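These notes are about the structure you will find just below.
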Amino acid sequence: MCGIAGKLWFDAARPADLAGVAALTAALAHRGPDDSGFASDGPLAFGHRRLSIVDLSPRGRQPMTSVDGTTLLVANCEIWNHRALRAELAAAGHAFRGDCDAEVILPLYRQWYEREGADFVRRLDGMFAFALWDGRARRLVLARDPVGKKPLVYAMTGEGLVFASELQALRRDALVDRTPDGRALADYLAFRAVPGPRTAYRGASKLPPGTVMVVEDGRATQRRYWRLAAGCDTSEAPSLDEAADEVLARLRAAVRKRLMADVPVGAFLSGGLDSAAVVALMAEASTTPVRTFTIGFAESDYDEAAGARKLSRLFGTEHHEAVVRPDAVGLIDELLDHYGEPFADSSALPTLLVSRLAKEHVKVVLTGDGGDEAFAGYDRYRALALADRLDGPFAAPLRLALSAAASAAVATGAGGALVSNGEASFAGARGAGARLVRFVDSLDRTPRQRNHDWRVAMTAGQIRGLLTPEGQAFFGTPSFYGADVDLPLPLNEALLLDLERYLPDDLLVKLDIASMAQGLEARCPFLDRELLEYAASLPGRLKLGRASAARGAGRGAARGDSTDGLLGGPPWRTTSKLVLRHALRRLLPADVLSGPKRGFGVPLEHWFRGPLAGHAREVLLSPAARGRGLFRPAAVEALLDDHAQNRVAAHEPLFTLLVLERWFLSEDSRC
């Protein structure tokens with residue numbers, strides 16, 4: 001896995017900007033601490049930083065040149081099927097210099113591009129972002145893997161095109177217009193990350209997942225070569241047992257593929273279902289103990305170390321953990337340095353820390369990312385299904401009962417006070433009472449509006465209540481999460497929306513940047529293309545179904561602890577990840593199978609009443625922030641006060657605002 005960069009002048013007589021590309025590549029040194037390389041051809045220059053994973057010899061160095069010398073390649077990739085492709089291409093007469101997986105891209109392009117165009121990329125099974133220069137055709141090809149595991153950002157003007165693995169590197173080039181993009185930053189306020197294809201800068205863009213961009217004669221065209229399709233509830237759908245068997249077989253194959261490496265491989269282990277499944281299958285396939293890594297916090301309600309430790313003992317792993325009391329302010333600045341734009345998914349902080357721990361022992365880790373989006377693991381999906389039932393003509397009594405319960409939760413403080421700042425209204429996010437308040441408040445909205453409001457950190461109304469008139473003019477209105485139409489939102493469509501937006505815009509950005517900041521490669525078996533395609537083909541009822549439909553024994557049954565009825569309960573309850581839990585019933589303990597979602601959380605709520613409180617107030621109410629004129633100081637101060645006094649849990653909005661202002665300050669310092 002690596003860092004890549006390059007630049008193409010559209011004037012063919014203009015010499016390649018090797019010095020500029022060297023500067024971009026130097027900014028990516030953390031992604032590839034093992035080696036670096038450069039190549040040029042006429043107006044084109046490529047740069048590469050190498051993290052050696054497969055074929056550690058000099059034959060794996062990049063940029064790579066085709067055997068006939070006409071084509072150049074820089075790639076940030078792991079190609080799981082490279083050996084099969086190598087054999088196929090060798091049979092067609094293509095030669096190879098080494099055993100590196102990236103090398104197959106060069107003859108693959110030459111063999112298939114003229115017949116299939118951009119679709120030749122579909123033949124690659126892996127995670128990748130690459131740039132290929134065809135010197136004969138004067139053609140530049142940029143591509144990203146199907147789900148967007150590996151990033152690629154670029155800027156294009158009338159003079160030329162420049163690209164890099166990370167925005168923090170790209171912004172060093174003079175071609176990039178670094179004027180802040182208000183619309184992109186409005187989306188950031190809502191989603192805690194800037195959704196692609198935008199970036200925080202007007203002059204830079206993200207190449208979308210599953211997309212190839214071809215640049216010829218100063219013009220660029222993009223083609224989406226892969227996209228998931230949702231399944232249907234049909235009579236031909238498999239039974240729960242049949243689907244579970246197929247899911248397990250595909251997940252097992254996905255894990256085995258991702259053990260491909262010439263360096264040590266480990267795993268992140270949080271104690272939740274997805275990471276436990278990955279570690280169980282790694283242990284099954286390995287002849288030596290799996291190395292696992294977790295972190296904990298002093299705040300017990302955020303500490304998952306005990307659960308991870310229990311699973312480590314069960315699977316005999318070589319376990320490493322650390323309890324952290326981090327410098328929160330320093331971590332925020334470190335994240336901004338690597339992400340290059342505002343990014344306020346707070347789980348990036350523990351991901352950075354656990355990556356730092358893992359890097360001391362391995363170069364590659366497997367993670368459980370993608371299981372929630374593929375198999376319906378979030379409470380939001382269950383809430384959508386329940387709200388849909390409450391839209392029926394006979395649901396009025398239950399709606400009244402829920403409204404009464406929500407009112408009682410607010411009255412007793414269980415739901416958190418409501419803080420009114422003009423149009424802003426922030427409800428605390430603590431406990432079941434707060435979730436009930438939020439749920440009942442959404443019942444008068446359409447299914448897609450509910451999904452939007454449950455997904456965002458701040459709604460459009462809440463954002464408007466914090467903004468000055470100048471701020472409203474700068475930011476505009478955030479994008480809507482999905483089509484803003486009064487139509488049903490089936491579960492499979494909600495899952496696809498998250499797979500196409502939330503996953504590549506937030507979760508995969510978080511994982512890639514945080515892990516590669518430490519020179520650590522992260523691999524995600526749940527994002528295997530064949531597994532995703534099968535999961536998407538299943539009807540929603542096999543992912544989110546009645547609990548009584550999935551009775552089974554967990555691994556604990558072999559020790560005499562019966563788990564019959566483990567997933568049972570009242571008939572109106574549903575089980576998330578139904579088919580996945582059923583698939584894993586003989587691999588994992590009962591408490592993991594039936595447990596809630598777990599991951600690497602961060603105690604932001606406590607930090608904003610402790611080590612971050614003074615800093616947040618100082619930054620958000622500073623003369624620099626006031627001078628920007630974007631947010632109303634009184635509204636921001638009220639939010640700070642109400643969180644500090646425990647009247648509302650506003651840590652997520654406060655973190656979003658704090659990261660944005662620190663980004664503005666960093667931009668000021670560069671001017």
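Starting from 1 in every chain, residues are counted up; chains themselves are A, B, ... following the order of the structure tokens, and ligands are numbered from 1 as listed.
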
Excluding same-chain residues fewer than 3 positions from Arg50 (chain A), what lies within 8 Å of it counting only C-alpha atoms, as a PDB file with N, CA, C and O atoms, in the first residue's frame?
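Done, and the output landed in out-v2.pdb:
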ATOM      1  N   MET A   1       0.854  -1.183   0.000  1.00  0.00           N
ATOM      2  CA  MET A   1       0.000   0.000   0.000  1.00  0.00           C
ATOM      3  C   MET A   1       0.883   1.224   0.000  1.00  0.00           C
ATOM      4  O   MET A   1       2.002   1.185   0.513  1.00  0.00           O
ATOM      5  N   CYS A   2       0.391   2.324  -0.584  1.00  0.00           N
ATOM      6  CA  CYS A   2       1.319   3.391  -0.920  1.00  0.00           C
ATOM      7  C   CYS A   2       0.635   4.747  -0.953  1.00  0.00           C
ATOM      8  O   CYS A   2      -0.559   4.877  -0.691  1.00  0.00           O
ATOM      9  N   GLY A   3       1.430   5.747  -1.320  1.00  0.00           N
ATOM     10  CA  GLY A   3       0.938   7.069  -1.642  1.00  0.00           C
ATOM     11  C   GLY A   3       1.346   7.409  -3.054  1.00  0.00           C
ATOM     12  O   GLY A   3       2.485   7.143  -3.461  1.00  0.00           O
ATOM     13  N   ARG A  31       2.582   7.510   4.172  1.00  0.00           N
ATOM     14  CA  ARG A  31       1.860   6.413   3.515  1.00  0.00           C
ATOM     15  C   ARG A  31       2.808   5.348   2.974  1.00  0.00           C
ATOM     16  O   ARG A  31       2.390   4.204   2.758  1.00  0.00           O
ATOM     17  N   GLY A  32       4.045   5.752   2.724  1.00  0.00           N
ATOM     18  CA  GLY A  32       5.018   4.809   2.167  1.00  0.00           C
ATOM     19  C   GLY A  32       6.399   5.076   2.718  1.00  0.00           C
ATOM     20  O   GLY A  32       7.239   5.679   2.037  1.00  0.00           O
ATOM     21  N   PRO A  33       6.671   4.639   3.934  1.00  0.00           N
ATOM     22  CA  PRO A  33       7.966   4.946   4.549  1.00  0.00           C
ATOM     23  C   PRO A  33       9.120   4.096   4.035  1.00  0.00           C
ATOM     24  O   PRO A  33      10.267   4.343   4.410  1.00  0.00           O
ATOM     25  N   ASP A  34       8.855   3.101   3.188  1.00  0.00           N
ATOM     26  CA  ASP A  34       9.903   2.146   2.802  1.00  0.00           C
ATOM     27  C   ASP A  34      10.715   2.560   1.584  1.00  0.00           C
ATOM     28  O   ASP A  34      11.862   2.125   1.424  1.00  0.00           O
ATOM     29  N   ASP A  35      10.127   3.374   0.690  1.00  0.00           N
ATOM     30  CA  ASP A  35      10.840   3.694  -0.548  1.00  0.00           C
ATOM     31  C   ASP A  35      10.106   4.825  -1.254  1.00  0.00           C
ATOM     32  O   ASP A  35       8.955   5.151  -0.916  1.00  0.00           O
ATOM     33  N   SER A  36      10.771   5.417  -2.242  1.00  0.00           N
ATOM     34  CA  SER A  36      10.129   6.425  -3.082  1.00  0.00           C
ATOM     35  C   SER A  36      10.681   6.309  -4.493  1.00  0.00           C
ATOM     36  O   SER A  36      11.754   5.741  -4.714  1.00  0.00           O
ATOM     37  N   ARG A  61       9.164  -1.897  -6.960  1.00  0.00           N
ATOM     38  CA  ARG A  61       9.246  -0.438  -6.869  1.00  0.00           C
ATOM     39  C   ARG A  61       8.352   0.227  -7.908  1.00  0.00           C
ATOM     40  O   ARG A  61       8.105  -0.307  -8.982  1.00  0.00           O
ATOM     41  N   GLN A  62       7.884   1.419  -7.560  1.00  0.00           N
ATOM     42  CA  GLN A  62       7.099   2.229  -8.482  1.00  0.00           C
ATOM     43  C   GLN A  62       7.728   3.616  -8.560  1.00  0.00           C
ATOM     44  O   GLN A  62       8.478   4.007  -7.683  1.00  0.00           O
TER      45      GLN A  62
END

Excluding Arg83 (chain A) and any residue of its chain fewer than 2 positions from it, enumerate the residues within 10 Å of it, using only C-alpha atoms, and give them as a PDB file with N, CA and C atoms, in the first residue's frame.
ATOM      1  N   ILE A  79      -4.272  -6.157  -4.964  1.00  0.00           N
ATOM      2  CA  ILE A  79      -5.101  -6.851  -5.950  1.00  0.00           C
ATOM      3  C   ILE A  79      -5.170  -8.321  -5.548  1.00  0.00           C
ATOM      4  N   TRP A  80      -6.315  -8.745  -5.022  1.00  0.00           N
ATOM      5  CA  TRP A  80      -6.432 -10.095  -4.466  1.00  0.00           C
ATOM      6  C   TRP A  80      -6.321 -11.167  -5.550  1.00  0.00           C
ATOM      7  N   ASN A  81      -6.769 -10.884  -6.748  1.00  0.00           N
ATOM      8  CA  ASN A  81      -6.749 -11.893  -7.808  1.00  0.00           C
ATOM      9  C   ASN A  81      -5.572 -11.704  -8.762  1.00  0.00           C
ATOM     10  N   LEU A  85      -4.919 -13.271 -12.643  1.00  0.00           N
ATOM     11  CA  LEU A  85      -4.763 -12.359 -13.773  1.00  0.00           C
ATOM     12  C   LEU A  85      -3.393 -12.519 -14.429  1.00  0.00           C
ATOM     13  N   ARG A  86      -2.383 -12.718 -13.603  1.00  0.00           N
ATOM     14  CA  ARG A  86      -1.029 -12.890 -14.126  1.00  0.00           C
ATOM     15  C   ARG A  86      -0.950 -14.110 -15.060  1.00  0.00           C
ATOM     16  N   ALA A  87      -1.572 -15.215 -14.624  1.00  0.00           N
ATOM     17  CA  ALA A  87      -1.557 -16.425 -15.447  1.00  0.00           C
ATOM     18  C   ALA A  87      -2.320 -16.206 -16.750  1.00  0.00           C
ATOM     19  N   GLU A  88      -3.462 -15.539 -16.667  1.00  0.00           N
ATOM     20  CA  GLU A  88      -4.273 -15.275 -17.860  1.00  0.00           C
ATOM     21  C   GLU A  88      -3.527 -14.379 -18.842  1.00  0.00           C
ATOM     22  N   LEU A  89      -2.892 -13.341 -18.322  1.00  0.00           N
ATOM     23  CA  LEU A  89      -2.187 -12.395 -19.188  1.00  0.00           C
ATOM     24  C   LEU A  89      -0.908 -13.000 -19.762  1.00  0.00           C
ATOM     25  N   ASP A  99       6.922 -10.012  -9.030  1.00  0.00           N
ATOM     26  CA  ASP A  99       5.742 -10.679  -8.486  1.00  0.00           C
ATOM     27  C   ASP A  99       4.783  -9.713  -7.795  1.00  0.00           C
ATOM     28  N   CYS A 100       5.002  -8.434  -7.916  1.00  0.00           N
ATOM     29  CA  CYS A 100       4.148  -7.453  -7.252  1.00  0.00           C
ATOM     30  C   CYS A 100       2.759  -7.459  -7.868  1.00  0.00           C
ATOM     31  N   ASP A 101       1.735  -7.382  -7.026  1.00  0.00           N
ATOM     32  CA  ASP A 101       0.358  -7.429  -7.513  1.00  0.00           C
ATOM     33  C   ASP A 101       0.028  -6.248  -8.419  1.00  0.00           C
ATOM     34  N   VAL A 104       0.207  -6.255 -12.574  1.00  0.00           N
ATOM     35  CA  VAL A 104      -0.767  -6.810 -13.519  1.00  0.00           C
ATOM     36  C   VAL A 104      -1.610  -5.723 -14.171  1.00  0.00           C
TER      37      VAL A 104
END

TODO: Identify, with DSSP run on backbone atoms, the residues in region 434-536 of chain A assigned to alpha helix (DSSP H), and express the list as number ranges by chain.
DONE: A: 434-441, 447-455, 460-466, 469-475, 491-497, 508-516, 529-536

TODO: For CA of Arg252 (chain A) and CA of Met282 (chain A), quote the distance in Å rounded to one decimal.
DONE: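 Between CA of Arg252 (chain A) and CA of Met282 (chain A) the gap is 8.5 Å.
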
Task: Exercise: Arg380 (chain A) partners within 10 Å, only C-alpha atoms, chain neighbours under 2 positions left out, as an MDAnalysis selection string - done: chainID A and resid 376:378 382:386 439 450:451 454:455 494

Open item on the list: List as a VMD selection string the protein and nucleic acid residues near Gly266 (chain A), meaning an atom at most 10 Å away when only C-alpha atoms are counted, but skip any in the same chain fewer than 5 places from it.
Closed with: chain A and resid 259 279 282 289 to 293 317 to 319 358 to 359 361 to 367 522

Selection above as a file: N, CA, C and O atoms, as a PDB file, in the first residue's frame:
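New file selection_29.pdb:
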ATOM      1  N   LEU A 259      -5.403 -12.120   3.810  1.00  0.00           N
ATOM      2  CA  LEU A 259      -4.199 -12.535   4.518  1.00  0.00           C
ATOM      3  C   LEU A 259      -2.983 -12.525   3.597  1.00  0.00           C
ATOM      4  O   LEU A 259      -1.874 -12.828   4.028  1.00  0.00           O
ATOM      5  N   VAL A 279     -11.724 -11.852  13.358  1.00  0.00           N
ATOM      6  CA  VAL A 279     -10.657 -12.498  14.117  1.00  0.00           C
ATOM      7  C   VAL A 279     -10.888 -14.007  14.208  1.00  0.00           C
ATOM      8  O   VAL A 279      -9.953 -14.805  14.101  1.00  0.00           O
ATOM      9  N   MET A 282      -9.828 -15.420  10.935  1.00  0.00           N
ATOM     10  CA  MET A 282      -8.365 -15.346  10.812  1.00  0.00           C
ATOM     11  C   MET A 282      -7.713 -16.460  11.627  1.00  0.00           C
ATOM     12  O   MET A 282      -6.775 -17.117  11.161  1.00  0.00           O
ATOM     13  N   PRO A 289      -0.693 -17.678  16.257  1.00  0.00           N
ATOM     14  CA  PRO A 289      -1.673 -16.803  16.905  1.00  0.00           C
ATOM     15  C   PRO A 289      -1.858 -15.486  16.154  1.00  0.00           C
ATOM     16  O   PRO A 289      -0.891 -14.873  15.689  1.00  0.00           O
ATOM     17  N   VAL A 290      -3.096 -15.073  16.019  1.00  0.00           N
ATOM     18  CA  VAL A 290      -3.417 -13.790  15.392  1.00  0.00           C
ATOM     19  C   VAL A 290      -3.034 -12.668  16.354  1.00  0.00           C
ATOM     20  O   VAL A 290      -3.255 -12.772  17.563  1.00  0.00           O
ATOM     21  N   ARG A 291      -2.463 -11.618  15.820  1.00  0.00           N
ATOM     22  CA  ARG A 291      -2.137 -10.453  16.645  1.00  0.00           C
ATOM     23  C   ARG A 291      -3.321  -9.488  16.612  1.00  0.00           C
ATOM     24  O   ARG A 291      -3.756  -9.069  15.539  1.00  0.00           O
ATOM     25  N   THR A 292      -3.846  -9.147  17.785  1.00  0.00           N
ATOM     26  CA  THR A 292      -5.022  -8.279  17.868  1.00  0.00           C
ATOM     27  C   THR A 292      -4.695  -7.039  18.683  1.00  0.00           C
ATOM     28  O   THR A 292      -3.834  -7.060  19.566  1.00  0.00           O
ATOM     29  N   PHE A 293      -5.445  -5.952  18.385  1.00  0.00           N
ATOM     30  CA  PHE A 293      -5.147  -4.651  18.975  1.00  0.00           C
ATOM     31  C   PHE A 293      -6.434  -3.935  19.366  1.00  0.00           C
ATOM     32  O   PHE A 293      -7.402  -3.916  18.601  1.00  0.00           O
ATOM     33  N   THR A 317      -5.410 -15.254  20.729  1.00  0.00           N
ATOM     34  CA  THR A 317      -4.634 -14.267  19.982  1.00  0.00           C
ATOM     35  C   THR A 317      -3.501 -13.702  20.834  1.00  0.00           C
ATOM     36  O   THR A 317      -3.518 -13.771  22.068  1.00  0.00           O
ATOM     37  N   GLU A 318      -2.536 -13.139  20.149  1.00  0.00           N
ATOM     38  CA  GLU A 318      -1.484 -12.364  20.813  1.00  0.00           C
ATOM     39  C   GLU A 318      -2.012 -10.936  20.923  1.00  0.00           C
ATOM     40  O   GLU A 318      -1.964 -10.166  19.969  1.00  0.00           O
ATOM     41  N   HIS A 319      -2.518 -10.602  22.105  1.00  0.00           N
ATOM     42  CA  HIS A 319      -3.326  -9.388  22.238  1.00  0.00           C
ATOM     43  C   HIS A 319      -2.499  -8.222  22.775  1.00  0.00           C
ATOM     44  O   HIS A 319      -1.666  -8.388  23.673  1.00  0.00           O
ATOM     45  N   ALA A 358      -0.899  -0.659  16.739  1.00  0.00           N
ATOM     46  CA  ALA A 358      -0.697  -1.810  15.858  1.00  0.00           C
ATOM     47  C   ALA A 358       0.588  -1.689  15.059  1.00  0.00           C
ATOM     48  O   ALA A 358       1.273  -2.689  14.796  1.00  0.00           O
ATOM     49  N   LYS A 359       0.953  -0.467  14.663  1.00  0.00           N
ATOM     50  CA  LYS A 359       2.132  -0.283  13.815  1.00  0.00           C
ATOM     51  C   LYS A 359       3.416  -0.741  14.507  1.00  0.00           C
ATOM     52  O   LYS A 359       4.407  -1.060  13.849  1.00  0.00           O
ATOM     53  N   HIS A 361       3.811  -3.505  15.794  1.00  0.00           N
ATOM     54  CA  HIS A 361       3.908  -4.957  15.705  1.00  0.00           C
ATOM     55  C   HIS A 361       3.663  -5.517  14.306  1.00  0.00           C
ATOM     56  O   HIS A 361       4.169  -6.592  13.980  1.00  0.00           O
ATOM     57  N   VAL A 362       2.842  -4.838  13.478  1.00  0.00           N
ATOM     58  CA  VAL A 362       2.475  -5.369  12.163  1.00  0.00           C
ATOM     59  C   VAL A 362       2.461  -4.238  11.144  1.00  0.00           C
ATOM     60  O   VAL A 362       2.511  -3.054  11.491  1.00  0.00           O
ATOM     61  N   LYS A 363       2.361  -4.614   9.865  1.00  0.00           N
ATOM     62  CA  LYS A 363       2.207  -3.630   8.791  1.00  0.00           C
ATOM     63  C   LYS A 363       0.801  -3.629   8.202  1.00  0.00           C
ATOM     64  O   LYS A 363       0.436  -2.706   7.467  1.00  0.00           O
ATOM     65  N   VAL A 364       0.020  -4.684   8.494  1.00  0.00           N
ATOM     66  CA  VAL A 364      -1.316  -4.848   7.918  1.00  0.00           C
ATOM     67  C   VAL A 364      -2.279  -5.257   9.026  1.00  0.00           C
ATOM     68  O   VAL A 364      -1.930  -6.081   9.881  1.00  0.00           O
ATOM     69  N   VAL A 365      -3.492  -4.689   9.005  1.00  0.00           N
ATOM     70  CA  VAL A 365      -4.543  -5.132   9.921  1.00  0.00           C
ATOM     71  C   VAL A 365      -5.828  -5.370   9.140  1.00  0.00           C
ATOM     72  O   VAL A 365      -6.099  -4.704   8.141  1.00  0.00           O
ATOM     73  N   LEU A 366      -6.612  -6.328   9.615  1.00  0.00           N
ATOM     74  CA  LEU A 366      -7.964  -6.535   9.116  1.00  0.00           C
ATOM     75  C   LEU A 366      -8.932  -5.898  10.096  1.00  0.00           C
ATOM     76  O   LEU A 366      -8.686  -5.895  11.314  1.00  0.00           O
ATOM     77  N   THR A 367     -10.031  -5.354   9.583  1.00  0.00           N
ATOM     78  CA  THR A 367     -11.011  -4.661  10.420  1.00  0.00           C
ATOM     79  C   THR A 367     -12.417  -5.165  10.100  1.00  0.00           C
ATOM     80  O   THR A 367     -12.635  -5.847   9.096  1.00  0.00           O
ATOM     81  N   ALA A 522      -4.903  -1.037   6.241  1.00  0.00           N
ATOM     82  CA  ALA A 522      -6.125  -1.618   6.801  1.00  0.00           C
ATOM     83  C   ALA A 522      -6.930  -2.279   5.687  1.00  0.00           C
ATOM     84  O   ALA A 522      -7.145  -1.683   4.630  1.00  0.00           O
TER      85      ALA A 522
END

- [ ] Can you pull out every residue within 7 Å of Leu495 (chain A), counting only C-alpha atoms, but drop anything in the same chain fewer than 4 positions away, and send it as a list in words?
- [x] Glu373, Ala374, Ala376, Leu491 and Leu499 of chain A
